[in-house]
file entry.txt (compact mmCIF, C-alpha atoms)
# COMPACT_ATOMS: atom_id res chain seq x y z
CA ARG A 25 0.00 0.00 0.00
CA LYS A 26 1.36 3.43 -0.90
CA GLU A 27 2.12 5.79 1.96
CA VAL A 28 -0.34 8.44 0.77
CA GLU A 29 -2.93 7.82 -1.94
CA GLN A 30 -5.25 10.17 -3.76
CA ASP A 31 -7.59 9.87 -6.71
CA PRO A 32 -5.71 11.75 -9.48
CA GLY A 33 -8.91 12.95 -11.14
CA PRO A 34 -9.45 15.12 -13.02
CA PHE A 35 -12.65 16.22 -11.34
CA ASN A 36 -14.62 18.41 -13.74
CA VAL A 37 -17.17 20.30 -11.67
CA PRO A 38 -19.56 23.12 -12.64
CA GLU A 39 -19.11 26.44 -10.91
CA GLY A 40 -21.13 26.66 -7.72
CA ALA A 41 -21.14 22.92 -7.08
CA THR A 42 -19.74 21.11 -4.05
CA VAL A 43 -16.81 18.77 -4.51
CA ALA A 44 -15.04 16.43 -2.09
CA PHE A 45 -11.70 14.65 -2.19
CA ASN A 46 -10.42 11.85 0.00
CA CYS A 47 -6.88 10.80 0.75
CA THR A 48 -5.74 7.64 2.52
CA TYR A 49 -2.50 7.12 4.42
CA SER A 50 -0.78 3.91 5.48
CA ASN A 51 1.18 4.88 8.60
CA SER A 52 -1.17 4.82 11.55
CA ALA A 53 1.40 6.70 13.65
CA SER A 54 1.17 9.81 11.44
CA GLN A 55 0.23 12.87 13.43
CA SER A 56 0.08 15.90 11.14
CA PHE A 57 -2.06 16.28 8.06
CA PHE A 58 -2.44 19.06 5.54
CA TRP A 59 -4.03 20.01 2.26
CA TYR A 60 -1.89 21.98 -0.17
CA ARG A 61 -2.90 23.62 -3.40
CA GLN A 62 -0.60 23.68 -6.41
CA ASP A 63 -1.22 25.79 -9.48
CA CYS A 64 0.33 24.86 -12.81
CA ARG A 65 4.13 25.26 -12.80
CA LYS A 66 4.12 26.79 -9.32
CA GLU A 67 5.17 25.62 -5.88
CA PRO A 68 2.61 24.05 -3.52
CA LYS A 69 1.04 26.38 -0.99
CA LEU A 70 -0.68 25.46 2.24
CA LEU A 71 -4.46 25.47 1.94
CA MET A 72 -5.26 24.25 5.42
CA SER A 73 -4.11 22.02 8.22
CA VAL A 74 -6.35 19.10 9.20
CA TYR A 75 -7.18 18.78 12.88
CA SER A 76 -8.62 15.78 14.68
CA SER A 77 -11.85 17.61 15.38
CA GLY A 78 -12.20 18.78 11.79
CA ASN A 79 -11.86 22.37 10.72
CA GLU A 80 -13.47 24.84 8.41
CA ASP A 81 -12.11 27.89 6.60
CA GLY A 82 -14.73 29.69 4.58
CA ARG A 83 -15.86 27.39 1.78
CA PHE A 84 -13.32 24.72 2.68
CA THR A 85 -13.80 21.96 5.26
CA ALA A 86 -11.19 19.38 6.20
CA GLN A 87 -11.76 16.25 8.23
CA LEU A 88 -9.62 13.49 9.65
CA ASN A 89 -10.74 9.91 10.25
CA ARG A 90 -7.98 8.16 12.19
CA ALA A 91 -9.82 4.84 12.45
CA SER A 92 -10.05 4.51 8.68
CA GLN A 93 -6.84 6.44 8.05
CA TYR A 94 -8.12 9.03 5.66
CA ILE A 95 -8.51 12.77 5.40
CA SER A 96 -11.00 14.65 3.32
CA LEU A 97 -11.42 18.08 1.77
CA LEU A 98 -14.80 19.56 0.92
CA ILE A 99 -15.15 22.65 -1.25
CA ARG A 100 -18.55 24.34 -1.27
CA ASP A 101 -19.82 26.86 -3.82
CA SER A 102 -16.81 26.21 -6.05
CA LYS A 103 -15.26 29.11 -7.96
CA LEU A 104 -13.35 29.15 -11.24
CA SER A 105 -10.28 30.16 -9.21
CA ASP A 106 -10.47 26.87 -7.29
CA SER A 107 -9.14 25.08 -10.38
CA ALA A 108 -5.81 23.59 -9.30
CA THR A 109 -4.19 20.40 -8.08
CA TYR A 110 -4.88 19.55 -4.43
CA LEU A 111 -2.16 17.68 -2.60
CA CYS A 112 -2.71 15.60 0.50
CA VAL A 113 0.25 15.78 2.87
CA VAL A 114 1.12 13.59 5.82
CA ASN A 115 3.91 14.33 8.28
CA GLN A 116 5.22 11.22 9.96
CA ASN A 117 6.33 13.21 12.97
CA ARG A 118 8.38 10.30 14.23
CA ASP A 119 11.09 10.98 11.65
CA ASP A 120 9.96 14.32 10.22
CA LYS A 121 9.36 12.69 6.88
CA ILE A 122 6.74 14.64 4.94
CA ILE A 123 4.95 12.55 2.35
CA PHE A 124 2.88 14.02 -0.47
CA GLY A 125 0.10 12.35 -2.35
CA LYS A 126 0.25 12.64 -6.13
CA GLY A 127 -2.52 15.19 -6.10
CA THR A 128 -6.07 15.48 -7.36
CA ARG A 129 -6.69 17.75 -10.32
CA LEU A 130 -9.79 19.91 -10.12
CA HIS A 131 -11.28 21.81 -13.05
CA ILE A 132 -14.15 24.18 -12.30
CA LEU A 133 -16.27 24.66 -15.39
CA PRO A 134 -18.07 27.96 -16.14
CA ASP B 19 10.75 39.24 4.98
CA GLY B 20 11.11 35.63 6.09
CA GLY B 21 10.98 32.95 3.47
CA ILE B 22 12.66 30.19 1.55
CA THR B 23 14.58 30.97 -1.61
CA GLN B 24 15.68 28.68 -4.38
CA SER B 25 18.07 29.61 -7.14
CA PRO B 26 18.32 29.62 -10.02
CA LYS B 27 14.75 29.49 -11.27
CA TYR B 28 15.81 27.87 -14.55
CA LEU B 29 18.93 25.80 -15.10
CA PHE B 30 20.31 24.07 -18.15
CA ARG B 31 22.91 21.37 -17.87
CA LYS B 32 24.87 19.35 -20.35
CA GLU B 33 24.83 15.60 -20.00
CA GLY B 34 27.64 14.35 -17.79
CA GLN B 35 27.90 17.51 -15.72
CA ASN B 36 27.16 17.89 -12.04
CA VAL B 37 25.02 20.85 -11.02
CA THR B 38 24.12 22.29 -7.62
CA LEU B 39 20.75 23.79 -6.75
CA SER B 40 20.62 26.33 -3.96
CA CYS B 41 18.05 26.47 -1.15
CA GLU B 42 18.22 29.07 1.63
CA GLN B 43 15.72 29.83 4.38
CA ASN B 44 15.59 32.51 7.06
CA LEU B 45 12.60 31.07 8.90
CA ASN B 46 14.76 29.47 11.62
CA HIS B 47 13.43 26.08 10.52
CA ASP B 48 15.30 22.98 11.65
CA ALA B 49 14.07 20.60 8.94
CA MET B 50 14.62 20.99 5.21
CA TYR B 51 13.53 18.83 2.27
CA TRP B 52 14.17 18.33 -1.42
CA TYR B 53 11.48 17.01 -3.76
CA ARG B 54 11.39 16.26 -7.43
CA GLN B 55 8.27 16.72 -9.54
CA ASP B 56 7.87 15.44 -13.08
CA PRO B 57 5.16 16.75 -15.43
CA GLY B 58 1.71 15.68 -14.29
CA GLN B 59 3.17 13.81 -11.34
CA GLY B 60 3.29 14.26 -7.59
CA LEU B 61 6.23 15.23 -5.40
CA ARG B 62 8.84 12.59 -4.66
CA LEU B 63 11.20 12.97 -1.72
CA ILE B 64 14.91 13.01 -2.59
CA TYR B 65 16.62 13.91 0.69
CA TYR B 66 15.65 15.53 3.96
CA SER B 67 17.49 16.92 6.94
CA GLN B 68 16.16 17.27 10.47
CA ILE B 69 19.18 19.08 11.86
CA VAL B 70 22.50 20.59 10.85
CA ASN B 71 25.15 18.07 9.76
CA ASP B 72 22.60 15.30 9.41
CA PHE B 73 20.40 14.16 6.52
CA GLN B 74 18.52 11.09 5.35
CA LYS B 75 17.75 9.59 1.97
CA GLY B 76 14.24 9.86 0.68
CA ASP B 77 12.59 7.62 -1.86
CA ILE B 78 14.69 8.59 -4.90
CA ALA B 79 18.14 9.58 -3.58
CA GLU B 80 20.21 7.78 -6.21
CA GLY B 81 22.19 10.22 -8.36
CA TYR B 82 21.78 13.09 -5.87
CA SER B 83 23.80 14.40 -2.95
CA VAL B 84 23.19 17.03 -0.28
CA SER B 85 24.95 18.79 2.56
CA ARG B 86 23.67 20.62 5.63
CA GLU B 87 26.59 22.60 7.00
CA LYS B 88 24.40 25.52 8.05
CA LYS B 89 20.88 25.62 9.41
CA GLU B 90 19.83 28.06 6.71
CA SER B 91 21.16 26.17 3.70
CA PHE B 92 20.47 22.79 2.12
CA PRO B 93 22.04 22.60 -1.37
CA LEU B 94 21.24 19.72 -3.69
CA THR B 95 23.76 18.40 -6.21
CA VAL B 96 22.45 16.54 -9.22
CA THR B 97 25.28 14.30 -10.29
CA SER B 98 26.03 12.75 -13.66
CA ALA B 99 24.85 9.45 -12.15
CA GLN B 100 21.26 10.70 -12.23
CA LYS B 101 20.04 9.26 -15.52
CA ASN B 102 16.92 11.34 -15.97
CA PRO B 103 17.51 14.67 -14.22
CA THR B 104 15.18 16.93 -16.18
CA ALA B 105 12.47 17.90 -13.69
CA PHE B 106 11.07 20.58 -11.39
CA TYR B 107 12.94 20.61 -8.07
CA LEU B 108 11.28 21.95 -4.93
CA CYS B 109 12.88 22.74 -1.61
CA ALA B 110 10.82 23.00 1.58
CA SER B 111 11.38 23.63 5.27
CA ASN B 112 9.54 23.44 8.57
CA PHE B 113 10.19 23.45 12.30
CA GLY B 114 10.40 19.67 12.43
CA GLN B 115 9.85 17.80 15.65
CA GLY B 116 10.84 20.79 17.71
CA GLY B 117 7.88 22.69 16.36
CA GLY B 118 5.39 20.21 17.68
CA VAL B 119 2.50 18.55 15.92
CA GLY B 120 0.98 20.46 13.07
CA THR B 121 4.00 22.24 11.68
CA GLU B 122 3.40 22.89 8.02
CA ALA B 123 6.11 23.08 5.37
CA PHE B 124 6.90 26.14 3.31
CA PHE B 125 8.21 25.88 -0.23
CA GLY B 126 10.63 27.78 -2.37
CA GLN B 127 9.54 28.73 -5.89
CA GLY B 128 11.37 25.80 -7.41
CA THR B 129 14.15 25.24 -9.95
CA ARG B 130 13.41 23.87 -13.40
CA LEU B 131 16.38 21.80 -14.50
CA THR B 132 16.74 20.82 -18.15
CA VAL B 133 19.45 18.57 -19.50
CA VAL B 134 20.53 19.57 -22.99

call {"tool": "encode", "arguments": {"input": "entry.txt", "output": "structure tokens"}}
result
Amino acid sequence: RKEVEQDPGPFNVPEGATVAFNCTYSNSASQSFFWYRQDCRKEPKLLMSVYSSGNEDGRFTAQLNRASQYISLLIRDSKLSDSATYLCVVNQNRDDKIIFGKGTRLHILP
Amino acid sequence: DGGITQSPKYLFRKEGQNVTLSCEQNLNHDAMYWYRQDPGQGLRLIYYSQIVNDFQKGDIAEGYSVSREKKESFPLTVTSAQKNPTAFYLCASNFGQGGGVGTEAFFGQGTRLTVV
């Protein structure tokens, strides 16, 4: 099983719709989880951290399910500017190794 | 302003030559990382360092070397042994274990290396 797995997409979603991504991780000892956004030919940038209790930032909601070892990202009322690749990131705090998923491509359609 | 800087942004190398990519941060981060990204692919870990004078191999270390003589700097050398070096190289840093749980990584703008 890969350390971090994501559906590569692409997800083609009409503007205004709600879209959700999941990401699974293999190391049950992982402690820190993040969602990053990467635009074409740019560096990844932090979108949000994922806390055990779940967290929300405007239209974005992130959740963590430790029992099933996955994290999720929900985007409500999607905008054209949300088109990007979303990377799931797991920090295996034990050895500071940060593992990235391969990313999920999202295209918001006008 | 605090940040992480990679240079150069674009780099061309002839086959058989070694080349060194620079990564400098003034965020007082302990941990630094090098990733490689190929077109349409995710980030793959090359090397990482949790502390000065120490570093570990990532998943694709063959053909690369690093040093961590200073906290602020983590240069990556792409050697002639790397058979397919053309890629986008990203450097990142964070506080590591000392920063506690939830310490996110910050990225430089990347270096695009092309072998000609």

call {"tool": "closest_residue", "arguments": {"input": "entry.txt", "among": "A:Leu133, A:Ala44, A:Met72, A:Val37", "to": "chain B", "atoms": "all atoms listed in the file"}}
result
A:Met72

call {"tool": "closest_residue", "arguments": {"input": "entry.txt", "among": "A:Ser54, A:Gln62, A:Thr48, A:Gln30", "to": "B:Gln127", "atoms": "all atoms listed in the file"}}
result
A:Gln62

call {"tool": "closest_atom_pairs", "arguments": {"input": "entry.txt", "of": "stretch 62-102 of chain B", "to": "stretch 39-50 of chain B", "cutoff": "8 Å", "atoms": "all atoms listed in the file", "output": "tab-separated table"}}
result
residue	atom	partner	partner_atom	distance
B:Tyr66	CA	B:Met50	CA	5.7
B:Ser67	CA	B:Met50	CA	5.3
B:Gln68	CA	B:Ala49	CA	4.2
B:Ile69	CA	B:Asp48	CA	5.5
B:Val70	CA	B:Asp48	CA	7.6
B:Lys89	CA	B:Asp48	CA	6.6
B:Glu90	CA	B:Gln43	CA	5.0
B:Ser91	CA	B:Glu42	CA	4.6
B:Phe92	CA	B:Cys41	CA	5.5
B:Pro93	CA	B:Ser40	CA	4.8
B:Leu94	CA	B:Leu39	CA	5.1
B:Thr95	CA	B:Leu39	CA	6.2
B:Val96	CA	B:Leu39	CA	7.8

call {"tool": "residues_around", "arguments": {"input": "entry.txt", "residues": "A:Ser105", "least_positions_apart": "2", "cutoff": "10 Å", "atoms": "all atoms listed in the file", "output": "list of chain:residue names"}}
result
A:Glu39, A:Ser102, A:Lys103, A:Ser107, A:Ala108, A:His131, A:Ile132

call {"tool": "closest_atom_pairs", "arguments": {"input": "entry.txt", "of": "chain A", "to": "chain B", "cutoff": "9 Å", "atoms": "only C-alpha atoms", "output": "tab-separated table"}}
result
residue	atom	partner	partner_atom	distance
A:Gln55	CA	B:Val119	CA	6.6
A:Ser56	CA	B:Gly120	CA	5.0
A:Phe57	CA	B:Gly120	CA	7.2
A:Phe58	CA	B:Glu122	CA	7.4
A:Arg65	CA	B:Phe106	CA	8.5
A:Lys66	CA	B:Gln127	CA	6.7
A:Glu67	CA	B:Gln127	CA	5.4
A:Pro68	CA	B:Phe125	CA	6.7
A:Lys69	CA	B:Phe125	CA	7.2
A:Leu70	CA	B:Glu122	CA	7.5
A:Ser73	CA	B:Gly120	CA	7.2
A:Val74	CA	B:Gly120	CA	8.4
A:Tyr75	CA	B:Gly120	CA	8.3
A:Leu111	CA	B:Gly60	CA	8.1
A:Asn115	CA	B:Gly120	CA	8.3
A:Asn117	CA	B:Gln115	CA	6.4
A:Arg118	CA	B:Gln115	CA	7.8
A:Asp119	CA	B:Gln115	CA	8.0
A:Asp120	CA	B:Gly114	CA	5.8
A:Lys121	CA	B:Tyr66	CA	7.5
A:Ile122	CA	B:Leu63	CA	8.2
A:Ile123	CA	B:Leu63	CA	7.5
A:Phe124	CA	B:Leu61	CA	6.1
A:Gly125	CA	B:Gly60	CA	6.4
A:Lys126	CA	B:Gly60	CA	3.7
A:Gly127	CA	B:Gly60	CA	6.1

call {"tool": "atom_distance", "arguments": {"input": "entry.txt", "atom1": "atom CA of A:Gly33", "atom2": "atom CA of B:Lys27"}}
result
28.9 Å

call {"tool": "atom_distance", "arguments": {"input": "entry.txt", "atom1": "atom CA of A:Val28", "atom2": "atom CA of A:Ser92"}}
result
13.1 Å

call {"tool": "atom_distance", "arguments": {"input": "entry.txt", "atom1": "atom CA of B:Lys88", "atom2": "atom CA of B:Ile64"}}
result
19.0 Å

call {"tool": "residues_around", "arguments": {"input": "entry.txt", "residues": "B:Asn36", "least_positions_apart": "4", "cutoff": "12 Å", "atoms": "all atoms listed in the file", "output": "PyMOL selection string"}}
result
chain B and resi 29-32+81-83+94-101+103+131+133
